[in-house]
>>> print(open('entry.tsv').read())   # TSV, C-alpha atoms and all ligand atoms
chain	number	residue	atom	x	y	z
A	1160	MET	CA	61.32	-76.91	48.91
A	1161	LYS	CA	57.81	-75.64	49.45
A	1162	HIS	CA	57.06	-72.70	51.74
A	1163	THR	CA	53.83	-71.46	53.25
A	1164	HIS	CA	52.97	-67.93	54.24
A	1165	SER	CA	50.15	-67.06	56.63
A	1166	PHE	CA	49.23	-64.25	58.96
A	1167	GLU	CA	46.57	-63.44	61.54
A	1168	TYR	CA	44.08	-60.63	61.29
A	1169	GLU	CA	40.98	-59.62	63.21
A	1170	ILE	CA	37.43	-58.81	62.14
A	1171	LEU	CA	35.09	-56.74	64.31
A	1172	ASP	CA	31.36	-56.39	63.77
A	1173	HIS	CA	31.62	-52.67	64.35
A	1174	TRP	CA	34.38	-50.13	64.76
A	1175	ASN	CA	32.82	-48.99	68.04
A	1176	GLU	CA	34.64	-52.01	69.53
A	1177	LEU	CA	37.94	-50.22	68.86
A	1178	SER	CA	39.74	-48.13	71.49
A	1179	ASN	CA	38.67	-44.50	71.89
A	1180	ASP	CA	41.81	-43.33	70.07
A	1181	GLU	CA	41.12	-45.61	67.14
A	1182	GLN	CA	37.46	-44.62	67.01
A	1183	GLN	CA	38.66	-41.04	66.69
A	1184	LEU	CA	40.80	-42.14	63.74
A	1185	VAL	CA	37.78	-43.72	62.06
A	1186	LYS	CA	35.80	-40.50	62.46
A	1187	GLN	CA	38.65	-38.49	60.97
A	1188	ALA	CA	38.98	-40.92	58.06
A	1189	ASN	CA	35.27	-40.48	57.33
A	1190	ILE	CA	35.65	-36.70	57.42
A	1191	ALA	CA	38.56	-37.05	55.01
A	1192	ALA	CA	36.50	-39.26	52.68
A	1193	ASP	CA	33.77	-36.62	52.56
A	1194	ALA	CA	36.37	-34.11	51.37
A	1195	ALA	CA	37.89	-36.38	48.70
A	1196	TYR	CA	38.20	-34.96	45.20
A	1197	ALA	CA	36.75	-37.81	43.18
A	1198	PRO	CA	34.60	-36.31	40.40
A	1199	TYR	CA	35.45	-39.12	37.96
A	1200	SER	CA	35.00	-42.25	40.05
A	1201	ASN	CA	32.70	-40.92	42.81
A	1202	PHE	CA	34.73	-43.33	44.93
A	1203	HIS	CA	35.53	-41.33	48.05
A	1204	VAL	CA	38.35	-42.77	50.12
A	1205	GLY	CA	39.55	-41.34	53.40
A	1206	ALA	CA	42.66	-42.25	55.34
A	1207	SER	CA	43.77	-41.18	58.78
A	1208	VAL	CA	47.13	-41.74	60.36
A	1209	LEU	CA	48.08	-41.67	64.03
A	1210	LEU	CA	51.62	-40.53	64.74
A	1211	ASN	CA	53.61	-41.46	67.82
A	1212	ASP	CA	53.14	-37.98	69.31
A	1213	GLY	CA	49.35	-38.31	69.03
A	1214	THR	CA	49.01	-36.17	65.92
A	1215	ILE	CA	46.34	-37.30	63.46
A	1216	ILE	CA	46.93	-36.70	59.76
A	1217	LYS	CA	44.17	-37.07	57.18
A	1218	GLY	CA	44.40	-37.92	53.50
A	1219	ASN	CA	41.89	-38.57	50.75
A	1220	ASN	CA	41.97	-39.51	47.11
A	1221	GLN	CA	42.79	-36.67	44.75
A	1222	GLU	CA	41.73	-37.40	41.19
A	1223	ASN	CA	42.83	-35.58	38.08
A	1224	ILE	CA	41.46	-35.30	34.56
A	1225	ALA	CA	44.78	-36.85	33.54
A	1226	TYR	CA	43.92	-40.00	35.47
A	1227	PRO	CA	47.37	-41.31	36.42
A	1228	SER	CA	48.22	-37.91	37.90
A	1229	GLY	CA	45.81	-38.48	40.76
A	1230	LEU	CA	46.73	-40.18	44.01
A	1231	CYS	CA	45.12	-42.52	46.55
A	1232	ALA	CA	44.13	-41.44	50.06
A	1233	GLU	CA	46.69	-43.66	51.78
A	1234	ARG	CA	49.61	-42.21	49.85
A	1235	VAL	CA	48.35	-38.64	50.22
A	1236	ALA	CA	48.37	-39.15	54.01
A	1237	LEU	CA	51.70	-40.98	54.22
A	1238	PHE	CA	53.52	-38.61	51.88
A	1239	TYR	CA	52.20	-35.68	53.90
A	1240	VAL	CA	53.66	-37.34	56.99
A	1241	GLY	CA	56.97	-37.88	55.17
A	1242	ALA	CA	57.06	-34.25	54.07
A	1243	ASN	CA	56.03	-32.63	57.34
A	1244	TYR	CA	56.92	-35.13	60.07
A	1245	PRO	CA	59.93	-36.96	58.60
A	1246	ASN	CA	60.98	-38.37	61.98
A	1247	ALA	CA	57.54	-39.41	63.18
A	1248	ILE	CA	56.53	-43.01	63.69
A	1249	VAL	CA	53.24	-43.95	62.08
A	1250	LYS	CA	51.38	-46.12	64.58
A	1251	THR	CA	48.06	-46.72	62.86
A	1252	LEU	CA	46.48	-46.19	59.46
A	1253	VAL	CA	42.69	-46.28	59.01
A	1254	VAL	CA	41.04	-46.47	55.58
A	1255	VAL	CA	37.35	-45.95	54.79
A	1256	ALA	CA	35.49	-45.57	51.50
A	1257	LYS	CA	32.10	-44.27	50.49
A	1258	GLY	CA	30.27	-43.42	47.30
A	1259	ASP	CA	27.71	-44.76	44.86
A	1260	LEU	CA	29.85	-47.76	43.99
A	1261	VAL	CA	30.71	-48.66	47.56
A	1262	LYS	CA	28.37	-51.10	49.29
A	1263	ALA	CA	27.80	-50.62	53.02
A	1264	GLU	CA	29.57	-53.90	53.81
A	1265	ASP	CA	32.62	-53.21	51.62
A	1266	CYS	CA	35.97	-52.85	53.35
A	1267	ILE	CA	38.28	-51.20	50.85
A	1268	SER	CA	41.76	-52.66	50.83
A	1269	PRO	CA	44.77	-50.58	49.74
A	1270	CYS	CA	45.81	-50.92	46.09
A	1271	GLY	CA	49.12	-52.52	45.23
A	1272	ALA	CA	50.98	-49.23	44.90
A	1273	CYS	CA	49.76	-48.09	48.31
A	1274	ARG	CA	50.74	-51.41	49.85
A	1275	GLN	CA	54.26	-50.87	48.58
A	1276	VAL	CA	54.34	-47.37	50.07
A	1277	ILE	CA	52.90	-48.49	53.41
A	1278	ALA	CA	55.37	-51.38	53.53
A	1279	GLN	CA	58.24	-48.98	52.89
A	1280	SER	CA	56.99	-46.68	55.65
A	1281	GLU	CA	57.23	-49.64	58.00
A	1282	TYR	CA	60.68	-50.47	56.69
A	1283	ARG	CA	61.78	-46.84	57.07
A	1284	GLN	CA	60.57	-46.46	60.64
A	1285	LYS	CA	61.44	-50.04	61.63
A	1286	GLU	CA	58.05	-50.43	63.31
A	1287	PRO	CA	54.87	-52.02	62.06
A	1288	ILE	CA	51.84	-49.93	61.16
A	1289	ARG	CA	48.51	-51.22	62.44
A	1290	LEU	CA	46.16	-51.14	59.46
A	1291	ILE	CA	42.42	-50.81	60.05
A	1292	LEU	CA	39.91	-51.05	57.20
A	1293	VAL	CA	36.36	-49.95	57.98
A	1294	ALA	CA	33.17	-50.50	55.99
A	1295	GLN	CA	30.28	-48.05	56.16
A	1296	ASN	CA	28.17	-50.62	58.03
A	1297	GLY	CA	30.87	-50.69	60.70
A	1298	LYS	CA	32.55	-53.98	59.83
A	1299	THR	CA	36.25	-53.66	60.58
A	1300	PHE	CA	39.34	-55.57	59.48
A	1301	ILE	CA	42.49	-55.16	61.57
A	1302	PHE	CA	45.96	-56.11	60.37
A	1303	ASN	CA	48.94	-56.07	62.74
A	1304	GLN	CA	51.27	-54.81	60.06
A	1305	ALA	CA	50.65	-53.55	56.59
A	1306	ALA	CA	53.46	-55.72	55.28
A	1307	ASP	CA	51.13	-58.70	55.82
A	1308	LEU	CA	49.23	-57.47	52.78
A	1309	LEU	CA	52.34	-57.38	50.63
A	1310	VAL	CA	54.24	-60.60	51.03
A	1311	PHE	CA	57.31	-59.86	48.93
A	1312	PRO	CA	57.62	-56.08	48.69
A	1313	PHE	CA	59.85	-54.69	45.99
A	1314	GLY	CA	63.40	-53.90	47.06
A	1315	MET	CA	63.14	-54.68	50.77
A	1316	GLU	CA	64.41	-57.67	52.65
A	1317	ASP	CA	64.64	-58.59	56.28
A	1401	ZN	ZN	46.21	-46.87	46.45
>>> encode(input="entry.tsv", output="structure tokens")
Amino acid sequence: MKHTHSFEYEILDHWNELSNDEQQLVKQANIAADAAYAPYSNFHVGASVLLNDGTIIKGNNQENIAYPSGLCAERVALFYVGANYPNAIVKTLVVVAKGDLVKAEDCISPCGACRQVIAQSEYRQKEPIRLILVAQNGKTFIFNQAADLLVFPFGMED
């Protein structure tokens, strides 16, 4: 038997069409990207997370001379939440990227490992995380739940 999987997502011309709260998240993600430690790739990624109590947590990529020891912005932010706000609900995750290799129109999508971690955060909190990807020219992709980007996550079933 054949099955089909599809999901809806939204594209905005510019993130200034987002709500004020979400615009604030985009600004914080850009601040985080500017502070990324990315001397090897010069690929500066910033993530910001909105918790259910209104707290905003920032993360950015942290590279290491031993390459696999580094970590992506999304996981830095979500693991910080897990460590410091273990009972919080993550409502929204915004990701931006900048650097020599990043074109203004590029929306950077989470890597596979980050998708697994975001999906597990949703599974853990039993609520979807709104995922917003923002290019430097303002173009914005909005996903209703991060799990849409990872169709069959490892080890989790509904
Ligand atoms: Zn990643």
>>> residues_near_ligand(input="entry.tsv", ligand="ligand ZN 1401 (chain A)", cutoff="6 Å", atoms="all atoms listed in the file", output="list in words")
Cys1231, Pro1269, Cys1270, Ala1272 and Cys1273 of chain A
>>> write_last_selection(input="entry.tsv", atoms="C-alpha atoms", output="PDB file, in the coordinates of the input")
ATOM      1  CA  CYS A1231      45.120 -42.520  46.550  1.00  0.00           C
ATOM      2  CA  PRO A1269      44.770 -50.580  49.740  1.00  0.00           C
ATOM      3  CA  CYS A1270      45.810 -50.920  46.090  1.00  0.00           C
ATOM      4  CA  ALA A1272      50.980 -49.230  44.900  1.00  0.00           C
ATOM      5  CA  CYS A1273      49.760 -48.090  48.310  1.00  0.00           C
TER       6      CYS A1273
END
>>> residues_around(input="entry.tsv", residues="His1164 of chain A", least_positions_apart="2", cutoff="12 Å", atoms="all atoms listed in the file", output="number ranges by chain")
A: 1161-1162, 1166-1167, 1307-1311
>>> closest_residue(input="entry.tsv", among="A:Tyr1196, A:Tyr1244, A:Tyr1226, A:Phe1300", to="Val1208 of chain A", atoms="only C-alpha atoms")
A:Tyr1244
>>> residues_around(input="entry.tsv", residues="segment 1192-1195 of chain A", least_positions_apart="6", cutoff="12 Å", atoms="all atoms listed in the file", output="ChimeraX atom specification")
/A:1185-1186,1201-1207,1217-1223,1229-1233,1235-1236,1253-1258,1293,1295
>>> closest_residue(input="entry.tsv", among="A:Thr1299, A:Leu1184, A:Phe1238, A:Asn1246", to="Ala1263 of chain A", atoms="all atoms listed in the file")
A:Thr1299
>>> closest_residue(input="entry.tsv", among="A:Gln1275, A:Asn1296, A:Gln1304, A:Thr1251", to="His1173 of chain A", atoms="all atoms listed in the file")
A:Asn1296
>>> atom_distance(input="entry.tsv", atom1="atom CA of Pro1198 of chain A", atom2="atom CA of Lys1262 of chain A")
18.3 Å
>>> closest_residue(input="entry.tsv", among="A:Pro1227, A:Pro1287, A:Pro1245, A:Gly1297", to="Asp1265 of chain A", atoms="only C-alpha atoms")
A:Gly1297
>>> residues_around(input="entry.tsv", residues="segment 1211-1213 of chain A", least_positions_apart="3", cutoff="7 Å", atoms="only C-alpha atoms", output="count of residues only")
4
>>> closest_residue(input="entry.tsv", among="A:Ile1277, A:Ala1305, A:Leu1260, A:Ile1216", to="Ile1190 of chain A", atoms="only C-alpha atoms")
A:Ile1216
